[in-house]
$ cat data-v2.tsv   # TSV, C-alpha atoms
chain	number	residue	atom	x	y	z
A	1	MET	CA	15.90	119.79	235.94
A	2	LYS	CA	16.36	117.41	233.04
A	3	ARG	CA	18.45	118.44	230.07
A	4	ASP	CA	15.61	117.66	227.65
A	5	MET	CA	13.59	120.48	229.25
A	6	LEU	CA	16.17	123.14	228.37
A	7	PRO	CA	15.34	123.59	224.65
A	8	PRO	CA	11.59	124.17	225.22
A	9	LEU	CA	12.33	126.53	228.11
A	10	ALA	CA	14.83	128.41	225.95
A	11	VAL	CA	12.23	128.77	223.21
A	12	LEU	CA	9.68	130.05	225.72
A	13	ALA	CA	12.24	132.52	227.10
A	14	VAL	CA	12.95	133.82	223.58
A	15	ILE	CA	9.22	134.20	222.86
A	16	LEU	CA	8.73	136.05	226.14
A	17	ALA	CA	11.68	138.35	225.43
A	18	PHE	CA	10.35	139.10	221.94
A	19	ALA	CA	6.85	139.81	223.28
A	20	LEU	CA	8.25	142.26	225.82
A	21	TRP	CA	10.48	143.94	223.22
A	22	ASN	CA	7.63	144.13	220.70
A	23	SER	CA	5.29	145.71	223.22
A	24	THR	CA	7.84	148.39	224.03
A	25	ALA	CA	8.71	148.98	220.37
A	26	ILE	CA	5.08	149.32	219.24
A	27	THR	CA	4.30	151.66	222.11
A	28	GLY	CA	7.28	153.84	221.21
A	29	HIS	CA	6.38	153.96	217.52
A	30	THR	CA	2.71	154.72	218.09
A	31	GLN	CA	3.49	157.39	220.68
A	32	ARG	CA	5.85	159.09	218.21
A	33	TRP	CA	3.17	159.02	215.49
A	34	ARG	CA	0.55	160.34	217.89
A	35	ASP	CA	2.88	163.19	218.90
A	36	GLN	CA	3.41	163.99	215.23
A	37	LEU	CA	-0.35	164.05	214.67
A	38	GLN	CA	-0.79	166.35	217.66
A	39	GLN	CA	1.62	168.79	216.02
A	40	VAL	CA	-0.35	168.47	212.75
A	41	GLU	CA	-3.55	169.24	214.63
A	42	GLU	CA	-2.00	172.36	216.19
A	43	LEU	CA	-0.86	173.59	212.77
A	44	ALA	CA	-4.33	173.03	211.33
A	45	ALA	CA	-5.93	174.84	214.27
A	46	ALA	CA	-3.69	177.82	213.46
A	47	GLU	CA	-4.98	177.49	209.87
A	48	ASN	CA	-1.50	176.81	208.57
A	49	TRP	CA	-2.76	174.19	206.16
A	50	ARG	CA	0.42	173.96	204.11
A	51	ALA	CA	2.57	173.23	207.16
A	52	ALA	CA	-0.10	170.86	208.51
A	53	GLY	CA	-0.15	168.97	205.21
A	54	ASP	CA	3.64	168.80	205.12
A	55	ALA	CA	3.83	167.58	208.73
A	56	LEU	CA	1.14	164.99	208.01
A	57	SER	CA	3.06	163.79	204.95
A	58	GLU	CA	6.21	163.44	207.07
A	59	SER	CA	4.28	161.47	209.68
A	60	TYR	CA	2.85	159.25	206.94
A	61	ALA	CA	6.35	158.66	205.55
A	62	ASP	CA	7.54	157.68	209.04
A	63	TRP	CA	4.50	155.39	209.37
A	64	SER	CA	5.17	153.83	205.95
A	65	GLU	CA	8.71	152.87	206.92
A	66	SER	CA	7.28	150.51	209.55
A	67	GLN	CA	4.70	148.78	207.37
A	68	VAL	CA	6.51	145.46	206.99
A	69	TYR	CA	7.15	145.22	210.73
A	70	LEU	CA	3.57	146.22	211.59
A	71	HIS	CA	2.08	143.68	209.21
A	72	ILE	CA	4.22	140.95	210.76
A	73	VAL	CA	3.42	141.65	214.41
A	74	SER	CA	-0.04	143.28	214.32
A	75	GLU	CA	-3.49	142.50	213.02
A	76	HIS	CA	-3.69	143.47	209.36
A	77	ASP	CA	-7.11	145.07	209.75
A	78	ALA	CA	-5.88	147.47	212.44
A	79	VAL	CA	-2.87	148.48	210.35
A	80	ASP	CA	-4.98	148.82	207.19
A	81	ASP	CA	-7.54	150.97	209.04
A	82	ALA	CA	-4.80	153.33	210.24
A	83	GLU	CA	-3.42	153.50	206.71
A	84	ALA	CA	-6.83	154.49	205.35
A	85	MET	CA	-7.22	157.10	208.08
A	86	TYR	CA	-3.86	158.65	207.17
A	87	ARG	CA	-4.98	158.88	203.54
A	88	ARG	CA	-8.37	160.40	204.42
A	89	ALA	CA	-6.68	162.93	206.71
A	90	MET	CA	-4.36	163.94	203.88
A	91	ALA	CA	-7.35	164.41	201.58
A	92	PHE	CA	-9.12	166.58	204.16
A	93	ALA	CA	-5.94	168.63	204.63
A	94	LEU	CA	-5.79	169.28	200.88
A	95	GLU	CA	-9.41	170.39	200.88
A	96	LYS	CA	-8.89	172.47	204.04
A	97	GLU	CA	-11.88	170.87	205.75
A	98	PRO	CA	-11.20	171.64	209.43
A	99	ARG	CA	-14.07	169.71	211.01
A	100	GLU	CA	-13.54	166.50	209.04
A	101	PHE	CA	-9.77	166.85	209.33
A	102	ARG	CA	-9.84	167.13	213.12
A	103	ALA	CA	-12.28	164.22	213.39
A	104	GLU	CA	-10.09	162.03	211.17
A	105	LEU	CA	-6.95	162.94	213.13
A	106	ALA	CA	-8.72	162.08	216.39
A	107	ASP	CA	-9.81	158.73	214.95
A	108	LEU	CA	-6.29	158.06	213.68
A	109	GLN	CA	-4.72	158.88	217.04
A	110	ASP	CA	-7.19	156.55	218.72
A	111	GLN	CA	-6.46	153.82	216.17
A	112	LEU	CA	-2.73	154.15	216.89
A	113	ARG	CA	-3.44	153.93	220.62
A	114	LEU	CA	-5.48	150.79	219.97
A	115	LEU	CA	-2.68	149.32	217.87
A	116	ALA	CA	-0.27	149.73	220.79
A	117	GLU	CA	-2.84	148.37	223.23
A	118	MET	CA	-3.37	145.25	221.11
A	119	GLU	CA	0.36	144.48	221.26
A	120	ARG	CA	0.80	145.34	224.94
A	121	PHE	CA	2.08	142.42	226.96
A	122	SER	CA	-0.72	142.03	229.48
A	123	LEU	CA	-2.83	139.33	231.05
A	124	LYS	CA	-5.86	140.55	229.10
A	125	ASN	CA	-4.06	140.10	225.78
A	126	ILE	CA	-2.60	136.73	226.75
A	127	LEU	CA	-5.92	135.26	227.78
$ encode --input "data-v2.tsv" --output "structure tokens"
Amino acid sequence: MKRDMLPPLAVLAVILAFALWNSTAITGHTQRWRDQLQQVEELAAAENWRAAGDALSESYADWSESQVYLHIVSEHDAVDDAEAMYRRAMAFALEKEPREFRAELADLQDQLRLLAEMERFSLKNIL
């Protein structure tokens, strides 16, 4: 192999390594947030609205810490949609609206799943 091929191959190797790391990192983050939302849903089902609201606020704070990273590696619309869903869910928790709250949490969990799926290193996403 010629020496002039090494720099481009090194760049490709770094890009591949980052893509694999990013896929794993996003999946881990979104799974953690989804688990947090599952706990919120259980608290709301038990009609413990204060604890549900507090747990949702903690999840939102955890989510907010990753905003810069998410906006760099993910589609802005997907991140912005999840942000709006968090805010709507918090509003429904304050109003103690169980039906709308559960629906918004389900949509948010699905949006987080989609966010991880969009960053998954797969043939479908490459092509």
$ closest_atom_pairs --input "data-v2.tsv" --of "segment 32-125 of chain A" --to "segment 6-28 of chain A" --cutoff "12 Å" --atoms "all atoms listed in the file" --output "CSV"
residue,atom,partner,partner_atom,distance
A:Arg32,CA,A:Gly28,CA,6.2
A:Trp33,CA,A:Gly28,CA,8.7
A:Arg34,CA,A:Gly28,CA,9.9
A:Asp35,CA,A:Gly28,CA,10.6
A:Trp63,CA,A:Ile26,CA,11.6
A:Ser66,CA,A:Ile26,CA,10.0
A:Gln67,CA,A:Ile26,CA,11.9
A:Tyr69,CA,A:Ile26,CA,9.7
A:Leu70,CA,A:Ile26,CA,8.4
A:His71,CA,A:Ile26,CA,11.9
A:Ile72,CA,A:Asn22,CA,11.0
A:Val73,CA,A:Asn22,CA,8.0
A:Ser74,CA,A:Ile26,CA,9.3
A:Val79,CA,A:Ile26,CA,12.0
A:Leu112,CA,A:Thr27,CA,9.1
A:Arg113,CA,A:Thr27,CA,8.2
A:Leu114,CA,A:Thr27,CA,10.0
A:Leu115,CA,A:Ile26,CA,7.9
A:Ala116,CA,A:Thr27,CA,5.1
A:Glu117,CA,A:Thr27,CA,7.9
A:Met118,CA,A:Ser23,CA,8.9
A:Glu119,CA,A:Ser23,CA,5.4
A:Arg120,CA,A:Ser23,CA,4.8
A:Phe121,CA,A:Ser23,CA,5.9
A:Ser122,CA,A:Ser23,CA,9.4
A:Asn125,CA,A:Ala19,CA,11.2
$ closest_residue --input "data-v2.tsv" --among "A:Asp81, A:Glu41, A:Glu58, A:Glu65" --to "Leu105 of chain A" --atoms "only C-alpha atoms"
A:Glu41
$ atom_distance --input "data-v2.tsv" --atom1 "atom CA of His76 of chain A" --atom2 "atom CA of Ala44 of chain A"
29.6 Å
$ closest_residue --input "data-v2.tsv" --among "A:Ala46, A:Met90, A:Ala106, A:Ala82" --to "Ser64 of chain A" --atoms "all atoms listed in the file"
A:Ala82
$ residues_around --input "data-v2.tsv" --residues "Gln36 of chain A" --least-positions-apart "5" --cutoff "12 Å" --atoms "all atoms listed in the file" --output "PyMOL selection string"
chain A and resi 29-31+41-43+52-63+105+108-109+112
$ atom_distance --input "data-v2.tsv" --atom1 "atom CA of Ala103 of chain A" --atom2 "atom CA of Glu75 of chain A"
23.4 Å
$ atom_distance --input "data-v2.tsv" --atom1 "atom CA of Ala78 of chain A" --atom2 "atom CA of Arg99 of chain A"
23.7 Å
$ axis_aligned_box --input "data-v2.tsv" --around "segment 8-11 of chain A" --padding-each-side "3 Å" --output "JSON"
{"center_x": 13.2, "center_y": 126.5, "center_z": 225.7, "size_x": 9.2, "size_y": 10.6, "size_z": 10.9}
